[in-house]
Amino acid sequence: MPFTQKSYYIDKPIKSFLFLIRNFNLTQAQAQRFISKGRLIVDGKPLLDKSSTISGKVDIVLFKPITKGIKPIFISKDFAIFDKPSGVITHPNNMATDYSMLDEIRYYLGENANATHRIDMETSGLLIASRDKNSDRFIKLSFEKRRIKKQYLAWVKGRVKKEFTVEEPIKIRDDYSISKHKVEISKDGKYAKTSFRPLKYNKKLDISLIEATPYTGRTHQIRLHLFHVKHNIIGDPLYGVEFNIAKSYLEGTLSKRDRLEATRANRLMLHANRLEFSYRNRYKIVSKVNFLKG
């Protein structure tokens with residue numbers, strides 16, 4: 001498990017955030033976030049008061065990365081690129097998370113490295129990791145300003161004969177009683193645009209391999225836009241399935257057999273395949289995964 005607990009003894013009373021700043025090379029904001037996440041333990045309980053004074057024995061929950069051999073496919077002095085497998089989360093959800101891509105990122109790049117964006121657990125493909133705080137800010141701002149071009153591959157239901165674009169606003173749902181969709185097409189939503197291009201058609205399975213280019217970054221954007229035009233992604237357990245299937249998936253009770261029968265795959269067949277961006281130089285990175293097999 002990447003989170004481990006280590007004890008320290010403090011001779012003289014000191015503000016908790018100052019102790020973290022001086023001993024762990026953190027900024028004040030980082031130290032306060034460290035405390036708010038419950039990673040400073042006093043008398044066996046998380047100390048959440050960021051302005052508190054501490055002394056004597058305290059325990060610190062540290063992140064010690066482990067590796068399962070997912071090496072970066074490209075490294076520069078500022079960032080690295082990983083090919084994330086389907087089924088691996090990007091960041092740990094909490095201190096009970098036993099493994100995430102952050103493990104590999106910090107194992108190979110050091111304790112200041114970070115994932116600069118999220119990829120859904122079931123989506124595979126390219127993930128940019130920053131080496132330090134400066135590169136982290138630059139890359140995240142590049143995403144925010146839409147300076148990073150992303151292209152995905154997806155296997156979808158039915159035959160896609162020609163290129164098309166979906167421009168439909170997306171709104172996060174607030175009622176899951178009749179649908180487990182996280183987002184929906186709504187005039188009250190935020191502007192969203194995705195272009196699609198067909199690459200291959202498997203007549204026997206009646207599925208198409210397409211390239212998807214999102215111009216905005218809304219939650220589940222590619223999945224929802226494809227569902228909207230009735231070409232839902234193969235393996236999608238939320239969009240294009242019955243309510244009970246989506247409910248069982250979210251509750252963690254959906255069997256592999258039932259999922260395969262309902263969605264035709266035991267993973268979401270969506271892959272982040274290409275990245276194009278500038279960071280000192282112009283980069284065009286393509287995934288090494290052969291997603292054509294389907």
# chains A, B, ... in the order shown; residues from 1 in each chain; ligands from 1
$ residues_around --residues "Lys162 in chain A" --least-positions-apart "2" --cutoff "9 Å" --atoms "only C-alpha atoms" --output "list of chain:residue names"
A:Val160, A:Phe164, A:Phe196, A:Arg197, A:Pro198
$ write_last_selection --atoms "C-alpha atoms" --output "CSV table (one decimal), in the first residue's frame"
chain,number,residue,atom,x,y,z
A,160,VAL,CA,-20.3,4.9,-39.0
A,164,PHE,CA,-19.6,14.1,-38.3
A,196,PHE,CA,-15.7,12.0,-35.2
A,197,ARG,CA,-14.1,10.2,-38.1
A,198,PRO,CA,-14.6,6.5,-39.1
$ residues_around --residues "Leu209 in chain A" --least-positions-apart "3" --cutoff "9 Å" --atoms "only C-alpha atoms" --output "PyMOL selection string"
chain A and resi 153-156+159-160+197-202+292+294
$ atom_distance --atom1 "CA of Leu126 in chain A" --atom2 "CA of Ile285 in chain A"
8.3 Å
$ closest_atom_pairs --of "range 3-122 of chain A" --to "range 258-277 of chain A" --cutoff "10 Å" --atoms "only C-alpha atoms" --output "tab-separated table"
residue	atom	partner	partner_atom	distance
A:Ile81	CA	A:Leu275	CA	9.7
A:Asp83	CA	A:Ala272	CA	8.7
A:Lys84	CA	A:Ala272	CA	9.0
A:Pro85	CA	A:His271	CA	9.2
A:Ser86	CA	A:Arg267	CA	7.2
A:Gly87	CA	A:Arg267	CA	7.8
A:Ile119	CA	A:Ala272	CA	8.4
A:Asp120	CA	A:Leu268	CA	9.6
A:Met121	CA	A:Leu268	CA	9.2
A:Glu122	CA	A:Leu268	CA	5.5
$ write_last_selection --atoms "N, CA and C atoms" --output "PDB file, in the first residue's frame"
ATOM      1  N   ILE A  81       5.303  10.984 -20.380  1.00  0.00           N
ATOM      2  CA  ILE A  81       4.046  10.452 -20.894  1.00  0.00           C
ATOM      3  C   ILE A  81       3.949   8.980 -20.531  1.00  0.00           C
ATOM      4  N   ASP A  83       1.378   5.404 -20.796  1.00  0.00           N
ATOM      5  CA  ASP A  83       0.244   4.740 -21.443  1.00  0.00           C
ATOM      6  C   ASP A  83      -0.549   4.036 -20.346  1.00  0.00           C
ATOM      7  N   LYS A  84      -1.593   4.678 -19.855  1.00  0.00           N
ATOM      8  CA  LYS A  84      -2.369   4.128 -18.742  1.00  0.00           C
ATOM      9  C   LYS A  84      -3.228   2.946 -19.195  1.00  0.00           C
ATOM     10  N   PRO A  85      -3.167   1.828 -18.493  1.00  0.00           N
ATOM     11  CA  PRO A  85      -4.053   0.709 -18.828  1.00  0.00           C
ATOM     12  C   PRO A  85      -5.485   0.971 -18.361  1.00  0.00           C
ATOM     13  N   SER A  86      -6.432   0.348 -19.009  1.00  0.00           N
ATOM     14  CA  SER A  86      -7.807   0.383 -18.519  1.00  0.00           C
ATOM     15  C   SER A  86      -7.865  -0.315 -17.164  1.00  0.00           C
ATOM     16  N   GLY A  87      -8.688   0.223 -16.261  1.00  0.00           N
ATOM     17  CA  GLY A  87      -8.859  -0.394 -14.944  1.00  0.00           C
ATOM     18  C   GLY A  87      -8.001   0.215 -13.855  1.00  0.00           C
ATOM     19  N   ILE A 119      -7.838  10.718 -16.446  1.00  0.00           N
ATOM     20  CA  ILE A 119      -8.450   9.831 -17.432  1.00  0.00           C
ATOM     21  C   ILE A 119      -9.327   8.874 -16.637  1.00  0.00           C
ATOM     22  N   ASP A 120     -10.577   8.701 -17.071  1.00  0.00           N
ATOM     23  CA  ASP A 120     -11.473   7.785 -16.365  1.00  0.00           C
ATOM     24  C   ASP A 120     -10.807   6.429 -16.166  1.00  0.00           C
ATOM     25  N   MET A 121     -11.138   5.770 -15.083  1.00  0.00           N
ATOM     26  CA  MET A 121     -10.510   4.498 -14.730  1.00  0.00           C
ATOM     27  C   MET A 121     -10.543   3.494 -15.897  1.00  0.00           C
ATOM     28  N   GLU A 122     -11.678   3.390 -16.581  1.00  0.00           N
ATOM     29  CA  GLU A 122     -11.803   2.372 -17.619  1.00  0.00           C
ATOM     30  C   GLU A 122     -11.252   2.820 -18.967  1.00  0.00           C
TER      31      GLU A 122
END
$ closest_residue --among "A:Val166, A:Ile73, A:Ala192, A:Ile207" --to "Ile233 in chain A" --atoms "only C-alpha atoms"
A:Ile207
$ residues_around --residues "Tyr249 in chain A" --least-positions-apart "4" --cutoff "8 Å" --atoms "only C-alpha atoms" --output "list in words"
Pro237, Leu238, Ile245, Thr253 and Leu254 of chain A
$ write_last_selection --atoms "C-alpha atoms" --output "PDB file, in the first residue's frame"
ATOM      1  CA  PRO A 237     -21.915   0.316 -18.523  1.00  0.00           C
ATOM      2  CA  LEU A 238     -23.708   3.662 -18.105  1.00  0.00           C
ATOM      3  CA  ILE A 245     -27.219  -2.702 -15.377  1.00  0.00           C
ATOM      4  CA  THR A 253     -22.223  -5.902  -8.131  1.00  0.00           C
ATOM      5  CA  LEU A 254     -22.338  -6.297 -11.924  1.00  0.00           C
TER       6      LEU A 254
END
$ residues_around --residues "Ala113 in chain A" --least-positions-apart "3" --cutoff "7 Å" --atoms "only C-alpha atoms" --output "compact mmCIF listing (two decimals) with C-alpha atoms, in the first residue's frame"
# COMPACT_ATOMS: atom_id res chain seq x y z
CA ILE A 105 4.49 8.68 -11.79
CA ARG A 106 6.27 9.31 -8.50
CA LEU A 109 9.83 10.85 -11.65
CA GLY A 110 10.14 11.68 -7.95
CA ALA A 129 2.82 13.72 -15.82
CA SER A 130 4.65 16.85 -14.68
CA ARG A 131 8.04 16.62 -13.01
CA ASP A 132 7.65 19.61 -10.68
$ atom_distance --atom1 "CA of Glu184 in chain A" --atom2 "CA of Val229 in chain A"
12.9 Å
$ select_by_dssp --residues "range 111-252 of chain A" --states "alpha helix (DSSP H)" --output "list in words"
Lys133, Asn134, Ser135, Asp136, Arg137, Phe138, Ile139, Lys140, Leu141, Ser142, Phe143, Glu144, Gln221, Ile222, Arg223, Leu224, His225, Leu226, Phe227, His228, Phe243, Asn244, Ile245, Ala246, Lys247, Ser248, Tyr249 and Leu250 of chain A
$ write_last_selection --atoms "C-alpha atoms" --output "mmCIF file, in the first residue's frame"
data_model
loop_
_atom_site.group_PDB
_atom_site.id
_atom_site.type_symbol
_atom_site.label_atom_id
_atom_site.label_comp_id
_atom_site.auth_asym_id
_atom_site.auth_seq_id
_atom_site.Cartn_x
_atom_site.Cartn_y
_atom_site.Cartn_z
ATOM 1 C CA LYS A 133 5.327 22.437 -9.621
ATOM 2 C CA ASN A 134 6.336 24.747 -12.480
ATOM 3 C CA SER A 135 5.695 22.206 -15.211
ATOM 4 C CA ASP A 136 2.498 21.150 -13.443
ATOM 5 C CA ARG A 137 1.126 24.702 -13.567
ATOM 6 C CA PHE A 138 2.148 25.152 -17.214
ATOM 7 C CA ILE A 139 0.558 21.913 -18.443
ATOM 8 C CA LYS A 140 -2.644 22.364 -16.445
ATOM 9 C CA LEU A 141 -2.988 25.897 -17.813
ATOM 10 C CA SER A 142 -2.430 24.510 -21.322
ATOM 11 C CA PHE A 143 -5.332 22.116 -20.793
ATOM 12 C CA GLU A 144 -7.472 24.921 -19.385
ATOM 13 C CA GLN A 221 -18.231 14.197 -23.292
ATOM 14 C CA ILE A 222 -17.228 11.593 -25.891
ATOM 15 C CA ARG A 223 -19.378 8.904 -24.288
ATOM 16 C CA LEU A 224 -22.468 11.116 -24.115
ATOM 17 C CA HIS A 225 -22.113 12.578 -27.607
ATOM 18 C CA LEU A 226 -21.784 9.085 -29.103
ATOM 19 C CA PHE A 227 -24.750 7.822 -27.095
ATOM 20 C CA HIS A 228 -26.717 10.836 -28.328
ATOM 21 C CA PHE A 243 -31.167 1.117 -15.518
ATOM 22 C CA ASN A 244 -30.484 -2.055 -13.512
ATOM 23 C CA ILE A 245 -27.219 -2.702 -15.377
ATOM 24 C CA ALA A 246 -25.929 0.834 -14.704
ATOM 25 C CA LYS A 247 -27.076 0.616 -11.071
ATOM 26 C CA SER A 248 -25.323 -2.727 -10.536
ATOM 27 C CA TYR A 249 -22.137 -1.406 -12.147
ATOM 28 C CA LEU A 250 -22.034 1.664 -9.883
#
$ atom_distance --atom1 "CA of Lys57 in chain A" --atom2 "CA of Met95 in chain A"
21.1 Å
$ select_by_dssp --residues "range 15-255 of chain A" --states "strand (DSSP E or B)" --output "ChimeraX atom specification"
/A:15,40-42,45-46,53-63,74-75,79-84,114-115,124-130,149-157,164-167,170-172,183-185,190,193-202,207-214,233
$ residues_around --residues "Phe24 in chain A" --least-positions-apart "6" --cutoff "12 Å" --atoms "only C-alpha atoms" --output "VMD selection string"
chain A and resid 16 to 18 30 to 31 34 60 to 63 111 to 112
$ write_last_selection --atoms "C-alpha atoms" --output "short mmCIF file (atom, residue, chain, number, x, y, z; two decimals), in the first residue's frame"
data_model
loop_
_atom_site.label_atom_id
_atom_site.label_comp_id
_atom_site.auth_asym_id
_atom_site.auth_seq_id
_atom_site.Cartn_x
_atom_site.Cartn_y
_atom_site.Cartn_z
CA SER A 16 1.34 22.18 12.51
CA PHE A 17 1.65 23.71 9.04
CA LEU A 18 5.10 25.15 9.88
CA GLN A 30 0.46 22.20 0.32
CA ALA A 31 0.92 21.83 4.08
CA PHE A 34 -1.91 17.80 3.77
CA ILE A 60 2.56 11.51 9.47
CA VAL A 61 0.91 9.55 6.66
CA LEU A 62 3.37 9.52 3.77
CA PHE A 63 2.90 8.46 0.17
CA GLU A 111 7.98 13.00 -5.11
CA ASN A 112 7.17 16.33 -6.81
#
$ closest_residue --among "A:Lys288, A:Pro65, A:Gly158, A:Arg218" --to "Lys203 in chain A" --atoms "only C-alpha atoms"
A:Gly158
$ closest_residue --among "A:Glu104, A:Asp188, A:Asp206, A:Glu211" --to "Glu163 in chain A" --atoms "only C-alpha atoms"
A:Glu211
$ closest_residue --among "A:Ser52, A:Asp175, A:Asp59, A:Glu168" --to "Lys187 in chain A" --atoms "only C-alpha atoms"
A:Glu168
